[in-house]
Amino acid sequence: MPIRDRPPAGFVARMTFHTQLNTKMSEKEWQKMVTETADWFGWIYYHSRPALTQAGKWATPLQGLAGFPDLVLVHKTRGLVFAELKSQTGRLSDKQERWIDLLTYSGAEAHVWRPTDWPAVLRRLRNNPGGNKK
């Protein structure tokens, strides 16, 4: 997949307009925006999706501490990013805060991204960590 410097015509304007008008966007809608943009710029990502248990409840299978960030994004020239995605009013759990703090303290790039962070998210996905395009 080619490394692209900008999204297709109208994409950024559509997304910017959407986030400005819809700060009540769900986390699911926000995640779709972020992952579509990441795809466009050549990132690959991992996201754990919940599954229906035998007891009829939705849960994300895991081993270890809960609260791991929603997305792990990797790009061959733009780096590695851990991102917890929240709606505009969504709150981090204590476990999510702990993950973000520990990842950051260990030197990893970890973010909590909300719809109003769209300009910064777009800049980060388009550029390497230093802000220089490669």
# chains A, B, ... in the order shown; residues from 1 in each chain; ligands from 1
>>> residues_around(residues="segment 107-123 of chain A", least_positions_apart="2", cutoff="8 Å", atoms="only C-alpha atoms", output="number ranges by chain")
A: 16, 19-20, 23, 25, 30, 34, 37, 80-88, 100, 103-105, 125-127, 131
>>> residues_around(residues="Ala38 of chain A", least_positions_apart="6", cutoff="8 Å", atoms="only C-alpha atoms", output="list in words")
Ile44, Tyr45, Leu73 and Leu125 of chain A
>>> select_by_dssp(residues="segment 56-128 of chain A", states="helix (DSSP H, G or I)", output="VMD selection string")
chain A and resid 94 to 105 115 to 126
>>> select_by_dssp(residues="segment 23-94 of chain A", states="strand (DSSP E or B)", output="PyMOL selection string")
chain A and resi 44-46+51-52+58-59+71-75+79-85
>>> atom_distance(atom1="atom CA of Trp40 of chain A", atom2="atom CA of His75 of chain A")
11.6 Å
>>> atom_distance(atom1="atom CA of Gly79 of chain A", atom2="atom CA of Trp43 of chain A")
9.1 Å
>>> closest_residue(among="A:Lys24, A:Asn128, A:Ser48, A:Gly42", to="Ala66 of chain A", atoms="only C-alpha atoms")
A:Ser48
>>> atom_distance(atom1="atom CA of Leu71 of chain A", atom2="atom CA of Arg98 of chain A")
15.8 Å
>>> closest_residue(among="A:Glu97, A:Gly64, A:Asp70, A:Met33", to="Pro50 of chain A", atoms="only C-alpha atoms")
A:Asp70
>>> decode(residues="segment 3-122 of chain A", atoms="C-alpha atoms", output="compact mmCIF listing (two decimals), in the first residue's frame")
# COMPACT_ATOMS: atom_id res chain seq x y z
CA ILE A 3 2.18 5.93 1.81
CA ARG A 4 -0.11 8.87 1.27
CA ASP A 5 0.42 12.43 2.43
CA ARG A 6 -3.19 13.52 2.29
CA PRO A 7 -6.63 12.01 2.26
CA PRO A 8 -8.87 12.07 -0.81
CA ALA A 9 -10.53 15.34 -1.81
CA GLY A 10 -13.26 16.34 0.59
CA PHE A 11 -12.34 13.73 3.23
CA VAL A 12 -10.73 16.12 5.72
CA ALA A 13 -13.41 18.75 5.21
CA ARG A 14 -16.15 16.14 5.69
CA MET A 15 -14.54 14.78 8.85
CA THR A 16 -13.77 18.23 10.27
CA PHE A 17 -17.32 19.40 9.56
CA HIS A 18 -18.72 16.22 11.09
CA THR A 19 -16.74 16.54 14.33
CA GLN A 20 -17.51 20.22 14.70
CA LEU A 21 -21.24 19.64 14.30
CA ASN A 22 -21.46 16.36 16.15
CA THR A 23 -19.67 16.42 19.46
CA LYS A 24 -22.25 13.84 20.54
CA MET A 25 -20.64 11.32 18.18
CA SER A 26 -20.54 7.83 19.67
CA GLU A 27 -17.25 6.11 20.43
CA LYS A 28 -18.06 3.61 17.68
CA GLU A 29 -18.50 6.41 15.09
CA TRP A 30 -15.32 8.10 16.32
CA GLN A 31 -13.38 4.85 16.04
CA LYS A 32 -14.59 4.43 12.46
CA MET A 33 -13.30 7.92 11.58
CA VAL A 34 -9.90 7.23 13.15
CA THR A 35 -9.46 3.78 11.60
CA GLU A 36 -10.59 4.92 8.13
CA THR A 37 -8.07 7.75 8.31
CA ALA A 38 -5.34 5.43 9.58
CA ASP A 39 -6.08 3.01 6.71
CA TRP A 40 -5.83 5.84 4.20
CA PHE A 41 -2.40 6.88 5.50
CA GLY A 42 -1.06 3.32 5.42
CA TRP A 43 -1.25 2.41 9.12
CA ILE A 44 -2.20 -1.04 10.31
CA TYR A 45 -4.05 -1.34 13.57
CA TYR A 46 -5.27 -3.81 16.14
CA HIS A 47 -8.52 -3.53 18.07
CA SER A 48 -10.05 -6.16 20.36
CA ARG A 49 -13.76 -6.55 19.79
CA PRO A 50 -16.18 -7.86 22.40
CA ALA A 51 -17.68 -11.31 21.99
CA LEU A 52 -20.90 -12.81 23.27
CA THR A 53 -20.21 -15.17 26.17
CA GLN A 54 -22.08 -18.41 26.87
CA ALA A 55 -23.89 -16.52 29.63
CA GLY A 56 -25.27 -14.11 27.01
CA LYS A 57 -23.14 -11.13 28.03
CA TRP A 58 -20.79 -9.12 25.85
CA ALA A 59 -17.17 -9.12 27.05
CA THR A 60 -13.72 -8.61 25.57
CA PRO A 61 -11.62 -11.73 26.13
CA LEU A 62 -8.35 -10.84 27.79
CA GLN A 63 -5.63 -12.03 30.05
CA GLY A 64 -3.94 -9.47 32.26
CA LEU A 65 -5.05 -6.03 33.35
CA ALA A 66 -8.25 -4.71 31.75
CA GLY A 67 -8.34 -1.22 30.28
CA PHE A 68 -5.80 -1.68 27.47
CA PRO A 69 -6.13 1.09 24.84
CA ASP A 70 -8.69 0.67 22.05
CA LEU A 71 -6.19 0.85 19.19
CA VAL A 72 -2.59 -0.07 18.58
CA LEU A 73 -1.51 1.61 15.34
CA VAL A 74 1.74 0.80 13.53
CA HIS A 75 3.30 2.47 10.50
CA LYS A 76 6.70 1.66 9.03
CA THR A 77 7.87 5.28 8.98
CA ARG A 78 5.41 7.06 11.27
CA GLY A 79 5.84 4.89 14.33
CA LEU A 80 3.77 3.10 16.95
CA VAL A 81 0.77 4.69 18.68
CA PHE A 82 -1.52 3.46 21.45
CA ALA A 83 -4.86 5.27 21.39
CA GLU A 84 -7.77 5.16 23.79
CA LEU A 85 -10.81 6.55 21.99
CA LYS A 86 -13.57 8.27 23.92
CA SER A 87 -16.72 10.10 22.98
CA GLN A 88 -16.64 13.78 23.83
CA THR A 89 -18.12 13.11 27.27
CA GLY A 90 -16.71 9.60 27.83
CA ARG A 91 -14.66 9.02 30.97
CA LEU A 92 -11.53 6.98 31.39
CA SER A 93 -11.74 4.16 33.90
CA ASP A 94 -9.01 3.92 36.52
CA LYS A 95 -7.56 0.93 34.65
CA GLN A 96 -7.54 2.82 31.34
CA GLU A 97 -5.77 5.74 33.01
CA ARG A 98 -3.22 3.35 34.47
CA TRP A 99 -2.47 1.84 31.04
CA ILE A 100 -2.07 5.25 29.39
CA ASP A 101 0.16 6.49 32.24
CA LEU A 102 2.37 3.40 32.25
CA LEU A 103 2.73 3.35 28.47
CA THR A 104 3.65 7.04 28.47
CA TYR A 105 6.12 6.70 31.36
CA SER A 106 7.77 3.76 29.60
CA GLY A 107 8.46 5.94 26.57
CA ALA A 108 5.59 4.77 24.36
CA GLU A 109 3.37 7.21 22.51
CA ALA A 110 -0.07 6.90 24.11
CA HIS A 111 -3.08 9.17 23.66
CA VAL A 112 -6.67 9.64 24.69
CA TRP A 113 -8.40 10.94 21.57
CA ARG A 114 -11.86 12.56 21.47
CA PRO A 115 -13.78 13.92 18.46
CA THR A 116 -12.66 17.49 19.18
CA ASP A 117 -9.05 16.24 18.92
CA TRP A 118 -9.63 15.56 15.22
CA PRO A 119 -7.10 18.14 13.91
CA ALA A 120 -4.35 16.72 16.16
CA VAL A 121 -5.31 13.12 15.30
CA LEU A 122 -5.15 13.92 11.59
